[in-house]
Each structure stands twice: as C-alpha cells, then as structure tokens.
Amino acid sequence: MPMSKASSARVARRIATAAAYGSGGLGLVGGAAVGLLFTELQLAKRHIGGSEDEPPKADGLYGSAFGRLYSGGPLRLAFLGDSTAAGQGVHRPRQTPGALLASALAAIAERPVELRNVALSGAMSDDLERQITLLLSERELSESPDVCVIMVGANDVTHRMPPARSVRYLSDAVARLRTAGCEVVVGTCPDLGSVEPVGQPLRWIARRLSRQLAAAQTIAVVEEGGRTVSLGDLLGPEFSANPRELFGPDNYHPSAEGYATAAMAILPTLCAALGLWPTEDERPDARRREGILPVARAAAEAAAEGGTEVAGMRGPWALLKHRRRRRLPPPEEARPKPPEGIPETR
C-alpha cells in the first residue's frame with residue numbers, strides 16, 4: 001500500500017537527520033523483503049540487457065556563435081554523478097543530457113557554454129568526492145563552474161547503500177561545491193519502479209526505496225543551498241506511459257528521447273539558479289499546485305511527481321514549483337574550447 005505524503009515526509013526527514021549525524025542508515029525494508037528483492041532482481045536481470053558501451057564524450061564549447069555577441073567568458077556547466085549523468089545508452093554526444101542542456105542554456109543566455117562532464121557509469125554517491133576533486137583541480141578557484149548538475153542515487157538503491165550514508169555523501173558534495181561558488185541542481189534518484197522488465201513485488205519495493213531516497217536527498221540538498229528536480233518515473237512521468245520510446249536498447253538507460261525529456265524538466269531550474277528565468281515565475285502559483293511548504297513535506301510531494309522543483313526559502317521552508325517546460329533548441333555538437341586569448345571563429 002502506498003505511503004501517505006505525511007509518512008513519506010517523516011521517513012525522509014529521519015534519513016536526512018541520520019545522515020547529518022553520521023548514522024549508518026535506517027532499516028526501511030525488512031529482512032524477508034530484502035531477500036525477496038534479491039531473488040526478483042536476479043530474474044529481472046535476465047530481461048535487462050545492460051550496456052557495456054562507453055558514454056559518448058560531449059565536453060566542449062556550445063553556442064560558440066554567441067561569442068561574437070558576448071564579450072565575457074563562457075558560462076561553465078559541469079555534470080557529475082552516475083551513468084545517467086554521463087549519457088549511457090546513446091551513441092552521439094549531442095544526445096547526452098549534458099550536451100542538450102549546454103545547447104539550451106547557450107540559446108537562452110545568448111552566451112557560449114563550456115561543458116565538463118566528470119560523471120562515471122556505475123558510480124554511487126560515495127564517488128562524488130573524487131569527481132569534485134577532479135573537476136576543481138582542473139581550474140583556478142576563480143574559474144570554478146558557474147553551475148553543477150548532479151544526477152545520482154539509482155546505484156545506491158540497487159547496491160543497497162544505507163540511505164543515510166548515501167544522503168551524507170550527497171550533502172557533503174553539495175556543500176563543497178557551494179563553498180567553491182557553484183550553483184547546484186540535483187536530479188534526485190529516479191523511480192526504479194518504472195523500469196519495464198521489473199516485476200512485482202520488486203517493482204513496489206524499488207519504487208518505495210527510490211522515492212524515499214529522492215525525498216531525503218531533496219531535504220539535504222536544499223538545506224545546503226542547492227535546488228532539486230525530481231526525476232520521478234526514471235527521468236519524468238512520460239516514462240511510465242511510453243517505455244518503448246523513452247528507454248534505450250538495454251531497457252534500463254534512457255533513449256535519446258528520454259534524455260531530452262529529462263533535459264526539458266531540468267532546464268527551467270538550471271536557468272532559475274543562474275538568474276535567467278523571469279522573476280515573476282518565482283512566485284508560487286496555486287493553480288499549478290505550487291506553494292511554500294515545510295522542507296520535508298515539499299520533498300515528499302516532489303518525490304511523487306517527476307519534474308517538480310524544490311528550492312530553499314528562509315528557515316524550515318521550501319518553494320515547491322512545477323515550472324513550465326520549454327522546447328529544447330536543436331542539439332549541436334561541441335566545439336573544442338579555444339586557447340585563452342584567441343578569439344572564437346565560426
């Protein structure tokens with residue numbers, strides 16, 4: 001039976017509190033259920049192909065034509081996290097979520113965008129520290145990314161990392177990036193119950209665990225000064241309705257259409273974090289079920305609906321937004337970033 005929003009909020013708050021105080025985790029599913037989960041997972045693996053291909057490299061400069069119009073340097077966008085952040089499952093760089101968002105951000109800002117992706121397929125939240133070290137060691141502190149997108153959590157669930165430990169790693173990562181001057185947008189743990197070959201009761205257990213983790217991630221991220229976007233039914237509610245179209249050939253990672261759906265959900269929050277969204281849109285609209293709620297309640301609401309943003313307000317309050325999605329511009333291939341002092345040419 002599904003948990004109520006109030007119950008989900010309480011569980012998420014307990015996980016986040018345990019993470020803050022260094023507790024190893026909470027027993028959210030009984031031992032018998034875990035055993036059943038493991039058995040069902042072995043059956044599901046027979047139907048999930050898995051992909052051994054390396055994700056395409058999409059690092060580089062996007063919107064280079066805007067260099068003639070904008071005299072300053074490019075916006076710096078970084079991607080961190082797991083295989084979804086890396087773009088596993090597609091074959092062209094322009095189909096990855098990083099490239100899609102870099103192209104769209106350049107068009108909206110009318111400014112070149114430099115993309116650096118340090119995400120790693122198979123990574124769990126404990127790899128974020130290494131990824132951040134790699135990212136920040138490549139540049140001067142004054143050239144830290146303007147905004148970082150983190151997509152992580154699915155492997156934490158499937159590898160049974162204690163949720164409080166998972167959230168603590170993410171919280172530390174957001175705090176470190178914020179200290180370096182970066183805006184942070186986190187795509188929270190996707191709803192693993194939407195993976196088509198997974199049957200019951202694994203589907204119900206996977207959905208419950210992933211949503212609990214997503215809500216706890218939201219609390220931790222917001223309290224460290226970041227924003228979250230719920231990736232819901234594995235990167236958006238459209239996945240449940242259109243699994244054949246939005247999942248890739250391995251039936252697990254998104255297809256090109258799936259990543260585009262995810263990018264459209266994240267783009268408004270990415271722009272809002274950079275001050276590129278209309279200020280009047282920051283006010284909650286009750287007609288769109290938006291509002292200012294206690295952080296834990298906002299986190300539970302967001303975890304239940306893909307594409308929902310949560311941003312911190314003063315004290316224990318958070319802004320819950322269902323931002324209008326924008327159609328993405330045609331994706332482009334990255335260009336190598338020109339050496340310092342050499343003007344960009346077309």
# chains A, B, ... in the order shown; residues from 1 in each chain; ligands from 1
>>> residues_around(residues="stretch 210-225 of chain A", least_positions_apart="2", cutoff="8 Å", atoms="only C-alpha atoms", output="number ranges by chain")
A: 8-9, 11-13, 15-16, 153-154, 157, 163, 167-168, 170-171, 174-175, 178, 184, 186, 188-192, 206-208, 227-228, 230, 232, 295-296, 299-300, 302-304, 310-312, 318
>>> residues_around(residues="stretch 142-151 of chain A", least_positions_apart="5", cutoff="6 Å", atoms="only C-alpha atoms", output="PyMOL selection string")
chain A and resi 76-81+85+182-187
>>> write_last_selection(atoms="C-alpha atoms", output="PDB file, in the first residue's frame")
ATOM      1  CA  ARG A  76      30.721  26.966 -17.135  1.00  0.00           C
ATOM      2  CA  LEU A  77      28.424  23.968 -16.744  1.00  0.00           C
ATOM      3  CA  ALA A  78      29.571  20.760 -15.037  1.00  0.00           C
ATOM      4  CA  PHE A  79      27.882  17.351 -14.837  1.00  0.00           C
ATOM      5  CA  LEU A  80      28.540  14.851 -12.048  1.00  0.00           C
ATOM      6  CA  GLY A  81      27.001  11.561 -10.990  1.00  0.00           C
ATOM      7  CA  ALA A  85      24.553  11.943 -15.961  1.00  0.00           C
ATOM      8  CA  CYS A 182      28.922  26.948  -7.709  1.00  0.00           C
ATOM      9  CA  GLU A 183      25.162  26.864  -8.040  1.00  0.00           C
ATOM     10  CA  VAL A 184      23.963  23.265  -7.691  1.00  0.00           C
ATOM     11  CA  VAL A 185      20.979  21.491  -9.253  1.00  0.00           C
ATOM     12  CA  VAL A 186      20.422  17.852  -8.286  1.00  0.00           C
ATOM     13  CA  GLY A 187      18.286  15.456 -10.265  1.00  0.00           C
TER      14      GLY A 187
END
>>> atom_distance(atom1="atom CA of A:Ala180", atom2="atom CA of A:Ala298")
27.0 Å
>>> residues_around(residues="A:Leu120", least_positions_apart="6", cutoff="10 Å", atoms="only C-alpha atoms", output="list of chain:residue names")
A:Glu54, A:Pro55, A:Leu80, A:Gly81, A:Asp82, A:Ser83, A:Thr84, A:Ala85, A:Ala86, A:Gly87, A:Gln88, A:Asp127, A:Leu128, A:Gln131
